[in-house]
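Novice: File follows, my_file20.tsv with TSV, C-alpha atoms and all ligand atoms:
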chain	number	residue	atom	x	y	z
B	1	MET	CA	-13.41	-11.58	-49.34
B	2	SER	CA	-16.83	-11.54	-50.92
B	3	THR	CA	-18.47	-13.86	-53.46
B	4	ASP	CA	-18.12	-13.11	-57.16
B	5	PRO	CA	-20.58	-10.43	-58.22
B	6	THR	CA	-23.13	-11.72	-60.73
B	7	GLU	CA	-24.42	-9.63	-63.64
B	8	ALA	CA	-24.71	-6.06	-62.46
B	9	GLY	CA	-27.67	-5.39	-64.73
B	10	SER	CA	-26.52	-1.96	-65.87
B	11	GLY	CA	-26.10	-1.25	-69.58
B	12	PRO	CA	-27.87	-0.31	-72.78
B	13	ALA	CA	-31.61	-0.31	-73.45
B	14	PRO	CA	-33.24	-3.72	-72.93
B	15	THR	CA	-33.87	-6.02	-75.89
B	16	ALA	CA	-35.72	-9.35	-75.88
B	17	ALA	CA	-32.39	-11.16	-75.66
B	18	ALA	CA	-31.23	-8.93	-72.81
B	19	ALA	CA	-34.52	-9.48	-70.97
B	20	THR	CA	-34.09	-13.27	-71.30
B	21	SER	CA	-30.52	-12.99	-70.12
B	22	ALA	CA	-31.62	-10.85	-67.17
B	23	ALA	CA	-34.27	-13.44	-66.25
B	24	THR	CA	-31.68	-16.22	-66.51
B	25	SER	CA	-29.21	-14.42	-64.30
B	26	ALA	CA	-31.97	-13.60	-61.78
B	27	ALA	CA	-32.81	-17.32	-61.63
B	28	ALA	CA	-29.12	-18.18	-61.25
B	29	ALA	CA	-28.81	-15.64	-58.44
B	30	ALA	CA	-31.83	-17.18	-56.69
B	31	GLU	CA	-30.14	-20.60	-56.78
B	32	ALA	CA	-26.61	-19.34	-56.22
B	33	PRO	CA	-25.00	-20.53	-53.01
B	34	GLY	CA	-25.20	-18.08	-50.14
B	35	ARG	CA	-22.26	-16.79	-48.19
B	36	VAL	CA	-20.06	-18.53	-45.65
B	37	ALA	CA	-20.01	-17.26	-42.08
B	38	VAL	CA	-17.69	-18.32	-39.28
B	39	ILE	CA	-18.78	-18.06	-35.65
B	40	VAL	CA	-15.83	-17.67	-33.29
B	41	PRO	CA	-16.63	-18.50	-29.66
B	42	ALA	CA	-14.14	-16.34	-27.74
B	43	ALA	CA	-16.04	-15.58	-24.53
B	44	GLY	CA	-14.37	-18.13	-22.25
B	45	LYS	CA	-12.35	-17.18	-19.18
B	46	GLY	CA	-9.45	-19.53	-19.80
B	47	GLU	CA	-9.47	-20.87	-16.24
B	48	ARG	CA	-7.19	-23.80	-17.10
B	49	LEU	CA	-4.62	-21.37	-18.50
B	50	GLY	CA	-4.43	-19.69	-15.10
B	51	PRO	CA	-5.47	-16.27	-13.76
B	52	GLY	CA	-5.44	-13.30	-16.12
B	53	THR	CA	-7.44	-11.76	-18.95
B	54	PRO	CA	-9.92	-13.91	-20.92
B	55	LYS	CA	-8.04	-16.58	-22.92
B	56	ALA	CA	-8.90	-15.21	-26.37
B	57	LEU	CA	-7.21	-11.92	-25.39
B	58	ARG	CA	-4.00	-13.48	-24.05
B	59	GLU	CA	-0.98	-12.95	-26.22
B	60	LEU	CA	0.95	-15.36	-28.38
B	61	GLY	CA	3.95	-13.88	-30.18
B	62	GLY	CA	2.75	-10.39	-29.22
B	63	LEU	CA	-0.80	-10.76	-30.58
B	64	PRO	CA	-3.98	-11.96	-28.88
B	65	LEU	CA	-5.04	-15.54	-29.66
B	66	LEU	CA	-8.25	-14.13	-31.16
B	67	VAL	CA	-6.31	-12.03	-33.66
B	68	HIS	CA	-4.33	-15.06	-34.83
B	69	ALA	CA	-7.54	-17.05	-35.30
B	70	VAL	CA	-9.51	-14.30	-37.07
B	71	ARG	CA	-6.58	-13.38	-39.35
B	72	THR	CA	-6.58	-16.93	-40.69
B	73	LEU	CA	-10.35	-16.89	-41.20
B	74	VAL	CA	-10.45	-13.61	-43.12
B	75	ALA	CA	-7.55	-14.89	-45.25
B	76	ALA	CA	-9.56	-17.98	-46.24
B	77	ARG	CA	-10.92	-17.47	-49.78
B	78	SER	CA	-14.18	-19.23	-48.97
B	79	VAL	CA	-15.02	-17.20	-45.85
B	80	ASP	CA	-17.22	-14.09	-46.19
B	81	VAL	CA	-18.23	-13.08	-42.65
B	82	VAL	CA	-16.74	-13.65	-39.19
B	83	VAL	CA	-18.90	-13.23	-36.07
B	84	VAL	CA	-17.01	-13.26	-32.77
B	85	ALA	CA	-18.74	-14.05	-29.46
B	86	ALA	CA	-16.71	-11.81	-27.15
B	87	PRO	CA	-16.36	-11.84	-23.37
B	88	PRO	CA	-19.64	-10.17	-22.39
B	89	ASN	CA	-18.24	-7.66	-19.88
B	90	PRO	CA	-17.84	-4.07	-21.20
B	91	GLN	CA	-14.02	-4.19	-21.26
B	92	GLY	CA	-13.98	-7.54	-23.11
B	93	LEU	CA	-16.48	-6.35	-25.71
B	94	ALA	CA	-14.68	-3.05	-26.27
B	95	GLU	CA	-11.31	-4.76	-26.57
B	96	VAL	CA	-12.60	-7.28	-29.14
B	97	GLN	CA	-14.24	-4.47	-31.14
B	98	ARG	CA	-10.96	-2.56	-31.13
B	99	LEU	CA	-8.93	-5.57	-32.25
B	100	LEU	CA	-11.30	-6.51	-35.08
B	101	ALA	CA	-11.45	-2.92	-36.37
B	102	ASP	CA	-7.77	-3.26	-37.30
B	103	LEU	CA	-8.33	-6.43	-39.36
B	104	PRO	CA	-9.52	-6.67	-42.96
B	105	GLY	CA	-12.76	-8.42	-43.91
B	106	ASP	CA	-16.36	-8.38	-42.67
B	107	THR	CA	-16.04	-9.01	-38.94
B	108	ARG	CA	-18.76	-8.52	-36.33
B	109	VAL	CA	-19.00	-8.84	-32.57
B	110	VAL	CA	-21.72	-10.14	-30.25
B	111	ALA	CA	-21.62	-10.55	-26.48
B	112	GLY	CA	-20.96	-14.20	-25.60
B	113	GLY	CA	-22.77	-16.28	-23.00
B	114	ARG	CA	-22.07	-18.34	-19.89
B	115	THR	CA	-21.24	-21.53	-21.78
B	116	ARG	CA	-19.61	-22.14	-25.16
B	117	GLN	CA	-22.90	-23.47	-26.46
B	118	GLU	CA	-24.69	-20.29	-25.38
B	119	SER	CA	-21.99	-18.13	-27.01
B	120	VAL	CA	-22.44	-20.00	-30.31
B	121	ALA	CA	-26.24	-19.69	-30.10
B	122	LEU	CA	-25.98	-15.91	-29.54
B	123	ALA	CA	-23.71	-15.51	-32.58
B	124	LEU	CA	-25.97	-17.75	-34.66
B	125	ALA	CA	-28.88	-15.44	-33.90
B	126	ALA	CA	-26.84	-12.50	-35.23
B	127	LEU	CA	-25.79	-14.05	-38.58
B	128	PRO	CA	-26.62	-12.23	-41.82
B	129	ALA	CA	-29.62	-13.82	-43.56
B	130	ASP	CA	-27.72	-14.68	-46.76
B	131	CYS	CA	-25.20	-17.02	-45.09
B	132	ASP	CA	-26.09	-20.67	-45.82
B	133	VAL	CA	-22.90	-22.32	-44.60
B	134	VAL	CA	-21.79	-21.75	-41.01
B	135	LEU	CA	-18.51	-22.78	-39.44
B	136	VAL	CA	-17.83	-22.66	-35.71
B	137	HIS	CA	-14.18	-22.13	-34.78
B	138	ASP	CA	-12.68	-21.82	-31.29
B	139	ALA	CA	-10.56	-18.70	-30.77
B	140	ALA	CA	-8.39	-21.00	-28.66
B	141	ARG	CA	-7.34	-22.93	-31.81
B	142	ALA	CA	-5.35	-19.89	-32.79
B	143	LEU	CA	-2.85	-21.57	-35.13
B	144	THR	CA	-5.25	-23.65	-37.24
B	145	PRO	CA	-3.95	-23.70	-40.85
B	146	VAL	CA	-6.17	-22.08	-43.49
B	147	ASP	CA	-6.25	-25.38	-45.45
B	148	VAL	CA	-8.33	-26.97	-42.68
B	149	VAL	CA	-10.87	-24.13	-42.98
B	150	GLU	CA	-11.09	-24.58	-46.75
B	151	ALA	CA	-11.45	-28.37	-46.48
B	152	VAL	CA	-14.38	-28.02	-44.07
B	153	VAL	CA	-16.18	-25.50	-46.30
B	154	ALA	CA	-15.57	-27.73	-49.35
B	155	ALA	CA	-17.08	-30.75	-47.58
B	156	VAL	CA	-20.22	-28.78	-46.63
B	157	ARG	CA	-20.50	-27.39	-50.16
B	158	GLY	CA	-20.03	-30.99	-51.35
B	159	GLY	CA	-23.25	-32.02	-49.63
B	160	ALA	CA	-22.45	-32.84	-45.99
B	161	GLY	CA	-24.76	-31.28	-43.40
B	162	ALA	CA	-22.13	-31.42	-40.67
B	163	VAL	CA	-18.33	-31.72	-40.97
B	164	ILE	CA	-15.60	-31.99	-38.34
B	165	PRO	CA	-11.80	-32.04	-38.69
B	166	VAL	CA	-10.26	-34.97	-36.82
B	167	VAL	CA	-6.83	-36.38	-36.02
B	168	PRO	CA	-5.89	-39.91	-34.90
B	169	VAL	CA	-5.45	-40.50	-31.19
B	170	THR	CA	-1.83	-41.42	-30.44
B	171	ASP	CA	-2.09	-42.29	-26.74
B	172	THR	CA	-3.65	-45.53	-25.57
B	173	VAL	CA	-6.95	-44.53	-23.99
B	174	LYS	CA	-8.50	-46.29	-20.99
B	175	ALA	CA	-11.77	-45.79	-19.18
B	176	VAL	CA	-11.35	-45.58	-15.39
B	177	ASP	CA	-13.54	-45.91	-12.35
B	178	GLY	CA	-11.78	-43.89	-9.63
B	179	ASP	CA	-8.15	-45.08	-9.78
B	180	LEU	CA	-9.02	-48.46	-11.30
B	181	VAL	CA	-9.06	-49.21	-15.02
B	182	SER	CA	-12.43	-50.43	-16.23
B	183	ALA	CA	-11.70	-50.79	-19.95
B	184	THR	CA	-9.24	-50.13	-22.74
B	185	VAL	CA	-10.90	-48.40	-25.66
B	186	ASP	CA	-9.94	-49.56	-29.17
B	187	ARG	CA	-7.74	-46.68	-30.26
B	188	SER	CA	-8.11	-47.38	-33.98
B	189	THR	CA	-11.75	-46.26	-33.88
B	190	LEU	CA	-11.03	-43.06	-31.93
B	191	ARG	CA	-10.41	-39.56	-33.30
B	192	ALA	CA	-9.62	-36.31	-31.52
B	193	VAL	CA	-11.95	-33.58	-32.76
B	194	GLN	CA	-10.94	-30.05	-33.74
B	195	THR	CA	-12.53	-26.93	-35.15
B	196	PRO	CA	-13.63	-25.32	-37.43
B	197	GLN	CA	-16.69	-27.53	-37.58
B	198	GLY	CA	-18.89	-26.79	-40.58
B	199	PHE	CA	-22.64	-27.04	-41.11
B	200	THR	CA	-25.39	-26.05	-43.41
B	201	ARG	CA	-27.13	-23.25	-41.60
B	202	ASP	CA	-30.33	-25.33	-41.38
B	203	VAL	CA	-28.61	-28.22	-39.64
B	204	LEU	CA	-26.77	-26.02	-37.13
B	205	ALA	CA	-29.89	-23.98	-36.34
B	206	LYS	CA	-31.97	-27.14	-35.83
B	207	ALA	CA	-29.30	-28.71	-33.63
B	208	HIS	CA	-29.09	-25.64	-31.39
B	209	ALA	CA	-32.87	-25.25	-31.24
B	210	ALA	CA	-33.23	-28.86	-30.09
B	211	SER	CA	-30.41	-28.71	-27.53
B	212	ASP	CA	-30.80	-28.49	-23.77
B	213	PRO	CA	-28.96	-25.37	-22.53
B	214	SER	CA	-28.68	-26.90	-19.06
B	215	LEU	CA	-26.61	-29.79	-20.51
B	216	PRO	CA	-24.23	-27.83	-22.73
B	217	ALA	CA	-22.19	-29.74	-25.30
B	218	THR	CA	-18.45	-29.10	-25.76
B	219	ASP	CA	-18.82	-29.11	-29.54
B	220	ASP	CA	-21.54	-28.33	-32.06
B	221	ALA	CA	-21.32	-31.62	-33.95
B	222	GLY	CA	-22.43	-33.32	-30.71
B	223	LEU	CA	-25.74	-31.47	-30.97
B	224	VAL	CA	-26.15	-32.67	-34.56
B	225	GLU	CA	-25.41	-36.27	-33.51
B	226	ALA	CA	-28.06	-35.95	-30.80
B	227	LEU	CA	-30.59	-35.30	-33.60
B	228	GLY	CA	-29.51	-38.55	-35.26
B	229	LEU	CA	-28.06	-36.70	-38.26
B	230	PRO	CA	-24.78	-37.78	-39.90
B	231	VAL	CA	-21.50	-35.98	-39.17
B	232	ARG	CA	-18.70	-36.38	-41.71
B	233	THR	CA	-14.98	-36.19	-40.85
B	234	VAL	CA	-12.15	-34.58	-42.81
B	235	PRO	CA	-8.44	-34.62	-41.88
B	236	GLY	CA	-7.53	-32.07	-39.22
B	237	HIS	CA	-4.03	-30.79	-38.48
B	238	ALA	CA	-1.65	-31.04	-35.50
B	239	GLU	CA	-1.35	-27.23	-35.46
B	240	ALA	CA	-5.11	-26.85	-34.98
B	241	PHE	CA	-4.66	-27.97	-31.35
B	242	LYS	CA	-6.62	-26.11	-28.69
B	243	ILE	CA	-4.61	-23.85	-26.38
B	244	THR	CA	-5.93	-24.89	-23.00
B	245	THR	CA	-3.05	-25.10	-20.50
B	246	PRO	CA	0.15	-23.08	-19.94
B	247	PHE	CA	2.05	-25.91	-21.66
B	248	ASP	CA	-0.09	-25.46	-24.79
B	249	LEU	CA	0.96	-21.81	-24.88
B	250	VAL	CA	4.64	-22.86	-24.83
B	251	LEU	CA	3.92	-25.28	-27.68
B	252	ALA	CA	2.09	-22.57	-29.62
B	253	GLU	CA	5.03	-20.14	-29.20
B	254	ALA	CA	7.31	-22.83	-30.66
B	255	VAL	CA	4.99	-23.44	-33.64
B	256	LEU	CA	4.83	-19.70	-34.30
B	257	ARG	CA	8.65	-19.32	-34.10
B	258	ARG	CA	9.08	-22.13	-36.62
B	259	ARG	CA	6.61	-20.43	-38.99
B	260	ARG	CA	8.32	-17.03	-38.79
A	1	LIG	N1	-16.11	-20.09	-25.00
A	1	LIG	C1	-17.11	-19.14	-25.24
A	1	LIG	N2	-18.03	-18.87	-24.25
A	1	LIG	C2	-17.97	-19.49	-23.06
A	1	LIG	C3	-16.98	-20.48	-22.81
A	1	LIG	C4	-16.05	-20.76	-23.82
A	1	LIG	O1	-17.17	-18.55	-26.31
A	1	LIG	N3	-18.85	-19.18	-22.12
A	1	LIG	C5	-15.09	-20.33	-26.04
A	1	LIG	C6	-13.67	-20.07	-25.55
A	1	LIG	O2	-13.38	-18.67	-25.59
A	1	LIG	C7	-12.83	-20.90	-26.49
A	1	LIG	C8	-13.77	-22.03	-26.91
A	1	LIG	O3	-15.08	-21.67	-26.46
A	1	LIG	O4	-12.41	-20.19	-27.65
A	1	LIG	C9	-13.34	-23.37	-26.32
A	1	LIG	O5	-13.47	-23.33	-24.91
A	1	LIG	P1	-12.29	-23.60	-23.88
A	1	LIG	O6	-11.06	-24.03	-24.56
A	1	LIG	O7	-12.85	-24.42	-22.78
A	1	LIG	O8	-11.99	-22.10	-23.38
A	1	LIG	P2	-12.31	-21.45	-21.97
A	1	LIG	O9	-13.70	-21.82	-21.55
A	1	LIG	O10	-11.96	-20.02	-22.09
A	1	LIG	O11	-11.22	-22.16	-21.04
A	1	LIG	P3	-11.46	-22.85	-19.59
A	1	LIG	O12	-12.49	-23.93	-19.84
A	1	LIG	O13	-10.10	-23.36	-19.22
A	1	LIG	O14	-11.97	-21.76	-18.69
A	2	MG	MG	-14.18	-23.90	-21.20
Write out the structure in this file as structure tokens.
Ligand code: CTP
Ligand code: MG
Specialist:
Amino acid sequence: MSTDPTEAGSGPAPTAAAATSAATSAAAAAEAPGRVAVIVPAAGKGERLGPGTPKALRELGGLPLLVHAVRTLVAARSVDVVVVAAPPNPQGLAEVQRLLADLPGDTRVVAGGRTRQESVALALAALPADCDVVLVHDAARALTPVDVVEAVVAAVRGGAGAVIPVVPVTDTVKAVDGDLVSATVDRSTLRAVQTPQGFTRDVLAKAHAASDPSLPATDDAGLVEALGLPVRTVPGHAEAFKITTPFDLVLAEAVLRRRR
């Protein structure tokens, strides 16, 4: 789960060579990449799924959506810390704490906010100081394959400040004005956007600091775009779809059955 330990520094009495080597490894540690954190916004009500418990706590194959999502994240070799923004009511918080206690890895909980953007900002404020790469991953994308997570981290480590997984749009998309079509959008230039979205911590923090909480964005890359900074795409995956409606839950059950 954690990064490789560097020289532990214990051992025999210091010599000149050992002192040089200690200085070199201290310099390497200073420049070594920090850790990777994933923020999981899970505080939504799931209104489009219909009445019931918060969406992240609804079950899929006998386990809450949140557990599916976090299991994948802690299994990702590149991920060190997972911070979940839980439903802020006492029952929601307690339930998320209970669920995460049963999972391996470094997982933490914060109370989420009224909008997704606010939930992400609250988790961002609670990140450990040594995390320099931050992913944001919707609990509702419960079946996202681990390869997508690794590809996003690799692209950030490769130098991108902001990275989003995308898939081609298969439907023809039209803009409408009431019930009249106003335009057909060129589908070849469109992509549907998924999570996890990945950022250097600097870029994500700047984007959130500059955002207007009264005009919340539906994704974090949108806040980066608003700053005029580049956002790179990597291939997403059909199974990273967001569980939004009751039909999506049926689809997710089918995906899970095929995996098992
Ligand atoms: N989310 C959050 N805090 C909020 C609202 C949403 O952390 N105040 C999270 C959701 O839990 C979800 C992700 O953001 O994992 C994507 O949001 P969405 O799919 O819209 O989930 P809900 O807001 O729960 O669903 P709905 O909009 O149907 O109520
Ligand atoms: Mg929502």
Novice: Neighbouring residues of ligand LIG 1 (chain A) are defined here as those with any atom at most 7 Å from a ligand atom, counting all atoms listed in the file; list them as a PyMOL selection string.
Specialist: chain B and resi 41-49+54-56+85-86+112-116+118-120+138-140+242-244
Novice: Of the candidates B:Pro246, B:Ala129, B:Pro88, B:Arg260, which one gets nearest to Gly52 (chain B) if we count all atoms listed in the file?
Specialist: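 Residue with the minimum atom-to-atom distance to Gly52 (chain B): B:Pro246.
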Novice: Take every atom of region 189-201 of chain B listed in the file, fit an axis-aligned box around them, add 3 Å per side, and give the centre and edge lengths in Å to one decimal as lines of an AutoDock Vina configuration file.
Specialist:
center_x = -18.4
center_y = -34.8
center_z = -37.5
size_x = 23.5
size_y = 29.0
size_z = 17.9
Novice: Out of B:Thr245, B:Thr72, B:Gln197, B:Ser188, which residue has the shortest atom-to-atom distance to Val224 (chain B) when counting only C-alpha atoms?
Specialist: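 Looking at the shortest contact to Val224 (chain B), the residue is B:Gln197.
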Novice: Can you work out which one of B:Pro165, B:Gly61, B:Gly198, B:Gly92 has the shortest atom-to-atom distance to Ala142 (chain B), counting all atoms listed in the file?
Specialist: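 Using all atoms listed in the file, the shortest distance to Ala142 (chain B) belongs to B:Gly61.
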